[in-house]
Amino acid sequence: MLASSVLLGSGMMLAGSAGAAGAGATGAKAKLKPGVRFSETISYERDGKKHQVQGGILQLETEDEKILDTYCIDLLNPTQPSADYTETGWDSSSLAGKPEEAGKILWILRNSFPQLSIEKLRESSKIADLSEDDAAAGTQAAIWHFSDGADAIPDDPQAKQLTDYLRQKAVKLEEPKPTLSLNPAAVSGKSGDLLGPITVTTNGSAVALALDEAGTKANLSITDKTGKPVKSAKNGDQIYAKSPAGAEPGNASIKASTSAEVSVGRAFTGVNAQGKHSQTLILAGSQPVPVTAAVTMNWAPTGPIPAVSAKVDCVQGAVVVTATNNGDRDFTFTLAGQTVTVPPAGTKSVPVKVAEDTAYDIVVTGPNGFKEEFKGVLNCKTDTAASPTPKAPSASPTGPVLANTGGGGQTPLVAGIAGALVIAGAAAVFTLRRRGRHSRA
C-alpha cells in the first residue's frame, strides 16, 4: 500500500476528525454478483496471440438488493469476487482522456441490449435471429473496441453482425450527470458565517440532508442562502452550513441521501476486501437505488481555516489534493515533497502520484486533532504491464479452460474447443457452467 501522509502546519485550532473516504466517492455503491447474465465467446489478439474471453452482462447488487446491469470497460484486468463498487465520473476511471470513445460507448449502451428489448434490437439492427446471448456478447465486443482499443470479435455470426452494426453507428454523446453529488466536497469559514455554497446535483426527486453527530453537538444548522434552516434539497439547489457566532474551532459533515435511478453510462470502479482493484464496469441498465454523498465543514473564529478535499484525476494519474483557506492568516502545508502556502481566500491543488492498481491512504492532519483521510485504489488504465497470465483451473476433458477475469470467482466457462489441456498444480476445482464470466486465456 502506498501511504501518503500530509502534515498541515500553522496555528490552526480545529478539533475532531473526519472519516476516511475514497477521493471524490459519491453516488451509488454496490457489490459484484457472481456469474454473467448473458454471454458468449469473444476472440481478440494480443502480443501476436489469439485469446478467447467470455463476454456479456455483469451485475452489481446494492445494499437494498436492487440489481444493476453493467458491461466491462477494462478487458485485461480481472474482477475480484464480492468486490465493492462505487459510481464515478469518466475522468476518474479508465475512460479518462477518451471523450470520443466514452461518448460512443454511451451511444451503444442506449441503443443496444438491455436498454432495447431483444425484439426492438432485432428490428433496429435488422438481425432477425439475434438471441439475448448474441446481443450481450455483440454489445460487449463493440464496447471493448472503444474502451480498450481491442479488435474484439464474437465467435457467433449474429453477435458479430451486431458488433459491426454498433461500431459503425456509434456517435459521441455527452457524459451523464452523477446520481448524487455535493460540490465542493469540503467548505470552511469563520464561526457564525454561512459556509458554502454547496451545490446539489442529482437525478432524484428529493434529497434528505442531515448533520453528523459532531455537527449536531456543535449546534450547526443546514440552511439556504438566506440562513433559513432546510432539511431537504432538489437538483440545482445551493445549501449552506452555519455555526453559532464565536463558536470554538471544529469540523463536521453533512450527509445527503436519496433514491434515484443511476444514469446509463456512469462508470463503476471496484476494489475487494484486500484493497485489490477489480475491473472497471459501465452501467447498462438501472432502477432506483439508494445513493449518498457528503461534504465536510471546518470553522473557527480566526486564523487559517482550511477546507481540504481530494479527487482522482486519471488524466494526471494522480489523486489531486485541494486546500482552500477561508481564514484571515496564511495556511501552510507540506505534501509530496512540496511546501505550499495558501493565502486567505486562496486555493491550491497538489497532485499526489499513485501507482496504478495500488491502494493509497492519504492522511491530512493538523493541530488539535484535525484530520482528513482519503483511501482508495487508483484504477485508470485498461491494460496491465504484462500479457494476461491464465490462472490454473482443474483439467477438463472438453478442451482448454478460459482463465478467469470477471464476474465472480467461482465458475469460469469451459470452452468447447477440441483437444484437452491438463494444467498441473491447480488449487481449486471449477465447475462447468453454460454462462461463466469474463475470462481470458
# chains A, B, ... in the order shown; residues from 1 in each chain; ligands from 1
call {"tool": "select_by_dssp", "arguments": {"residues": "segment 15-164 of chain A", "states": "helix (DSSP H, G or I)", "output": "MDAnalysis selection string"}}
result
chainID A and resid 90:92 99:110 118:125 132:147 157:164
call {"tool": "residues_around", "arguments": {"residues": "Gln140 of chain A", "least_positions_apart": "6", "cutoff": "8 Å", "atoms": "only C-alpha atoms", "output": "ChimeraX atom specification"}}
result
/A:55-57,71-72
call {"tool": "select_by_dssp", "arguments": {"residues": "segment 83-191 of chain A", "states": "strand (DSSP E or B)", "output": "PyMOL selection string"}}
result
chain A and resi 84-88+153-154+180-183+186-190
call {"tool": "residues_around", "arguments": {"residues": "Ser92 of chain A", "least_positions_apart": "2", "cutoff": "10 Å", "atoms": "only C-alpha atoms", "output": "PyMOL selection string"}}
result
chain A and resi 23-25+87-90+94-97+267-269+311-315+317-319+378-380
call {"tool": "write_last_selection", "arguments": {"atoms": "N, CA and C atoms", "output": "JSON list (two decimals), in the first residue's frame"}}
result
[["chain", "number", "residue", "atom", "x", "y", "z"],
["A", 23, "ALA", "N", -11.44, 9.19, -2.53],
["A", 23, "ALA", "CA", -11.36, 10.53, -3.10],
["A", 23, "ALA", "C", -12.49, 10.74, -4.09],
["A", 24, "GLY", "N", -13.36, 11.68, -3.78],
["A", 24, "GLY", "CA", -14.46, 12.00, -4.67],
["A", 24, "GLY", "C", -15.55, 10.95, -4.73],
["A", 25, "ALA", "N", -15.61, 10.04, -3.76],
["A", 25, "ALA", "CA", -16.57, 8.94, -3.80],
["A", 25, "ALA", "C", -17.95, 9.41, -3.38],
["A", 87, "GLU", "N", -19.88, 4.32, -7.88],
["A", 87, "GLU", "CA", -20.13, 5.14, -9.07],
["A", 87, "GLU", "C", -19.10, 6.26, -9.16],
["A", 88, "THR", "N", -18.65, 6.55, -10.37],
["A", 88, "THR", "CA", -17.67, 7.63, -10.54],
["A", 88, "THR", "C", -17.81, 8.24, -11.92],
["A", 89, "GLY", "N", -17.17, 9.39, -12.11],
["A", 89, "GLY", "CA", -17.17, 10.06, -13.41],
["A", 89, "GLY", "C", -16.14, 9.47, -14.34],
["A", 90, "TRP", "N", -16.25, 9.77, -15.62],
["A", 90, "TRP", "CA", -15.33, 9.21, -16.61],
["A", 90, "TRP", "C", -13.89, 9.61, -16.34],
["A", 94, "SER", "N", -11.08, 4.41, -16.16],
["A", 94, "SER", "CA", -10.26, 4.06, -17.31],
["A", 94, "SER", "C", -10.72, 4.74, -18.59],
["A", 95, "LEU", "N", -11.81, 5.50, -18.55],
["A", 95, "LEU", "CA", -12.26, 6.27, -19.71],
["A", 95, "LEU", "C", -11.65, 7.66, -19.74],
["A", 96, "ALA", "N", -10.83, 7.99, -18.75],
["A", 96, "ALA", "CA", -10.23, 9.32, -18.68],
["A", 96, "ALA", "C", -9.42, 9.63, -19.93],
["A", 97, "GLY", "N", -9.57, 10.84, -20.44],
["A", 97, "GLY", "CA", -8.83, 11.25, -21.62],
["A", 97, "GLY", "C", -9.35, 10.66, -22.92],
["A", 267, "ALA", "N", -19.73, 5.22, -14.87],
["A", 267, "ALA", "CA", -18.70, 4.22, -14.62],
["A", 267, "ALA", "C", -18.75, 3.77, -13.16],
["A", 268, "PHE", "N", -18.28, 2.54, -12.93],
["A", 268, "PHE", "CA", -18.18, 1.98, -11.58],
["A", 268, "PHE", "C", -16.79, 1.38, -11.41],
["A", 269, "THR", "N", -16.05, 1.84, -10.40],
["A", 269, "THR", "CA", -14.74, 1.27, -10.08],
["A", 269, "THR", "C", -14.88, 0.40, -8.84],
["A", 311, "LYS", "N", -9.53, 14.32, -5.13],
["A", 311, "LYS", "CA", -10.26, 13.73, -6.25],
["A", 311, "LYS", "C", -9.30, 12.96, -7.14],
["A", 312, "VAL", "N", -9.71, 11.78, -7.57],
["A", 312, "VAL", "CA", -8.91, 11.01, -8.51],
["A", 312, "VAL", "C", -8.96, 11.70, -9.87],
["A", 313, "ASP", "N", -7.79, 11.94, -10.45],
["A", 313, "ASP", "CA", -7.67, 12.53, -11.78],
["A", 313, "ASP", "C", -6.85, 11.58, -12.64],
["A", 314, "CYS", "N", -7.53, 10.78, -13.46],
["A", 314, "CYS", "CA", -6.84, 9.76, -14.24],
["A", 314, "CYS", "C", -6.04, 10.35, -15.39],
["A", 315, "VAL", "N", -6.37, 11.57, -15.82],
["A", 315, "VAL", "CA", -5.58, 12.21, -16.86],
["A", 315, "VAL", "C", -4.17, 12.47, -16.34],
["A", 317, "GLY", "N", -3.02, 10.82, -13.65],
["A", 317, "GLY", "CA", -2.58, 9.61, -12.97],
["A", 317, "GLY", "C", -2.27, 9.89, -11.51],
["A", 318, "ALA", "N", -3.15, 10.65, -10.87],
["A", 318, "ALA", "CA", -2.86, 11.12, -9.51],
["A", 318, "ALA", "C", -4.15, 11.32, -8.74],
["A", 319, "VAL", "N", -3.98, 11.44, -7.41],
["A", 319, "VAL", "CA", -5.04, 11.91, -6.54],
["A", 319, "VAL", "C", -4.73, 13.38, -6.26],
["A", 378, "LEU", "N", -6.21, 3.49, -7.15],
["A", 378, "LEU", "CA", -6.18, 4.17, -8.43],
["A", 378, "LEU", "C", -6.41, 3.16, -9.54],
["A", 379, "ASN", "N", -7.40, 3.40, -10.39],
["A", 379, "ASN", "CA", -7.77, 2.48, -11.45],
["A", 379, "ASN", "C", -8.04, 3.29, -12.71],
["A", 380, "CYS", "N", -6.99, 3.56, -13.45],
["A", 380, "CYS", "CA", -7.11, 4.47, -14.60],
["A", 380, "CYS", "C", -6.79, 3.83, -15.93]]
call {"tool": "closest_residue", "arguments": {"among": "A:Pro81, A:Gly196, A:Pro157, A:Pro178", "to": "Thr41 of chain A", "atoms": "only C-alpha atoms"}}
result
A:Pro157
call {"tool": "closest_residue", "arguments": {"among": "A:Ile42, A:Ala336, A:Ile105, A:Val342", "to": "Val354 of chain A", "atoms": "only C-alpha atoms"}}
result
A:Ala336
call {"tool": "atom_distance", "arguments": {"atom1": "atom CA of Lys348 of chain A", "atom2": "atom CA of Ala252 of chain A"}}
result
22.1 Å
call {"tool": "residues_around", "arguments": {"residues": "Gln274 of chain A", "least_positions_apart": "4", "cutoff": "10 Å", "atoms": "only C-alpha atoms", "output": "list in words"}}
result
Gln80, Ala83 and Ala359 of chain A
call {"tool": "residues_around", "arguments": {"residues": "Leu173 of chain A", "least_positions_apart": "2", "cutoff": "12 Å", "atoms": "only C-alpha atoms", "output": "PyMOL selection string"}}
result
chain A and resi 99-111+170-171+175-176+264-265
call {"tool": "write_last_selection", "arguments": {"atoms": "C-alpha atoms", "output": "PDB file, in the first residue's frame"}}
result
ATOM      1  CA  PRO A  99     -14.149  11.653 -24.504  1.00  0.00           C
ATOM      2  CA  GLU A 100     -14.788  10.492 -28.083  1.00  0.00           C
ATOM      3  CA  GLU A 101     -14.591   6.786 -27.244  1.00  0.00           C
ATOM      4  CA  ALA A 102     -16.544   7.158 -23.990  1.00  0.00           C
ATOM      5  CA  GLY A 103     -19.289   9.103 -25.761  1.00  0.00           C
ATOM      6  CA  LYS A 104     -19.625   6.363 -28.389  1.00  0.00           C
ATOM      7  CA  ILE A 105     -19.825   3.700 -25.678  1.00  0.00           C
ATOM      8  CA  LEU A 106     -22.717   5.647 -24.175  1.00  0.00           C
ATOM      9  CA  TRP A 107     -24.494   5.618 -27.555  1.00  0.00           C
ATOM     10  CA  ILE A 108     -24.014   1.846 -27.739  1.00  0.00           C
ATOM     11  CA  LEU A 109     -25.418   1.374 -24.240  1.00  0.00           C
ATOM     12  CA  ARG A 110     -28.507   3.446 -25.026  1.00  0.00           C
ATOM     13  CA  ASN A 111     -29.141   1.742 -28.362  1.00  0.00           C
ATOM     14  CA  ALA A 170     -21.968   4.850 -32.684  1.00  0.00           C
ATOM     15  CA  VAL A 171     -21.696   8.633 -32.295  1.00  0.00           C
ATOM     16  CA  GLU A 175     -21.270  12.214 -20.197  1.00  0.00           C
ATOM     17  CA  PRO A 176     -24.309  11.597 -17.954  1.00  0.00           C
ATOM     18  CA  VAL A 264     -26.840   4.571 -18.031  1.00  0.00           C
ATOM     19  CA  GLY A 265     -23.202   5.216 -18.917  1.00  0.00           C
TER      20      GLY A 265
END
call {"tool": "atom_distance", "arguments": {"atom1": "atom CA of Val308 of chain A", "atom2": "atom CA of Lys231 of chain A"}}
result
24.8 Å
call {"tool": "atom_distance", "arguments": {"atom1": "atom CA of Gly246 of chain A", "atom2": "atom CA of Leu194 of chain A"}}
result
12.9 Å
call {"tool": "residues_around", "arguments": {"residues": "Val321 of chain A", "least_positions_apart": "6", "cutoff": "7 Å", "atoms": "only C-alpha atoms", "output": "tab-separated table (two decimals) with all heavy atoms, in the first residue's frame"}}
result
chain	number	residue	atom	x	y	z
A	309	SER	N	-9.98	18.69	0.27
A	309	SER	CA	-10.68	17.61	-0.43
A	309	SER	C	-9.70	16.92	-1.37
A	309	SER	O	-8.58	17.40	-1.59
A	309	SER	CB	-11.87	18.16	-1.23
A	309	SER	OG	-11.43	19.09	-2.20
A	310	ALA	N	-10.11	15.79	-1.92
A	310	ALA	CA	-9.26	15.05	-2.86
A	310	ALA	C	-10.11	14.42	-3.93
A	310	ALA	O	-11.26	14.04	-3.69
A	310	ALA	CB	-8.46	13.98	-2.11
A	311	LYS	N	-9.53	14.32	-5.13
A	311	LYS	CA	-10.26	13.73	-6.25
A	311	LYS	C	-9.30	12.96	-7.14
A	311	LYS	O	-8.20	13.44	-7.44
A	311	LYS	CB	-10.95	14.83	-7.08
A	311	LYS	CG	-11.76	14.30	-8.24
A	311	LYS	CD	-12.44	15.42	-9.01
A	311	LYS	CE	-13.25	14.87	-10.18
A	311	LYS	NZ	-13.93	15.95	-10.94
A	349	SER	N	-3.97	23.40	-5.41
A	349	SER	CA	-4.16	21.97	-5.66
A	349	SER	C	-2.81	21.31	-5.89
A	349	SER	O	-1.97	21.86	-6.61
A	349	SER	CB	-5.07	21.74	-6.86
A	349	SER	OG	-6.39	22.20	-6.61
A	350	VAL	N	-2.61	20.13	-5.31
A	350	VAL	CA	-1.35	19.40	-5.43
A	350	VAL	C	-1.66	17.96	-5.87
A	350	VAL	O	-2.34	17.23	-5.14
A	350	VAL	CB	-0.57	19.38	-4.11
A	350	VAL	CG1	0.74	18.61	-4.28
A	350	VAL	CG2	-0.31	20.80	-3.62
A	351	PRO	N	-1.19	17.54	-7.05
A	351	PRO	CA	-1.39	16.15	-7.46
A	351	PRO	C	-0.43	15.21	-6.73
A	351	PRO	O	0.77	15.46	-6.67
A	351	PRO	CB	-1.11	16.18	-8.97
A	351	PRO	CG	-0.20	17.35	-9.16
A	351	PRO	CD	-0.53	18.34	-8.10
call {"tool": "closest_residue", "arguments": {"among": "A:Asp330, A:Ser39, A:Lys172, A:Lys66", "to": "Asp134 of chain A", "atoms": "only C-alpha atoms"}}
result
A:Ser39
call {"tool": "residues_around", "arguments": {"residues": "segment 281-292 of chain A", "least_positions_apart": "2", "cutoff": "8 Å", "atoms": "only C-alpha atoms", "output": "VMD selection string"}}
result
chain A and resid 26 to 29 62 to 64 66 to 74 109 to 110 114 to 115 179 to 181 255 to 269 279 294
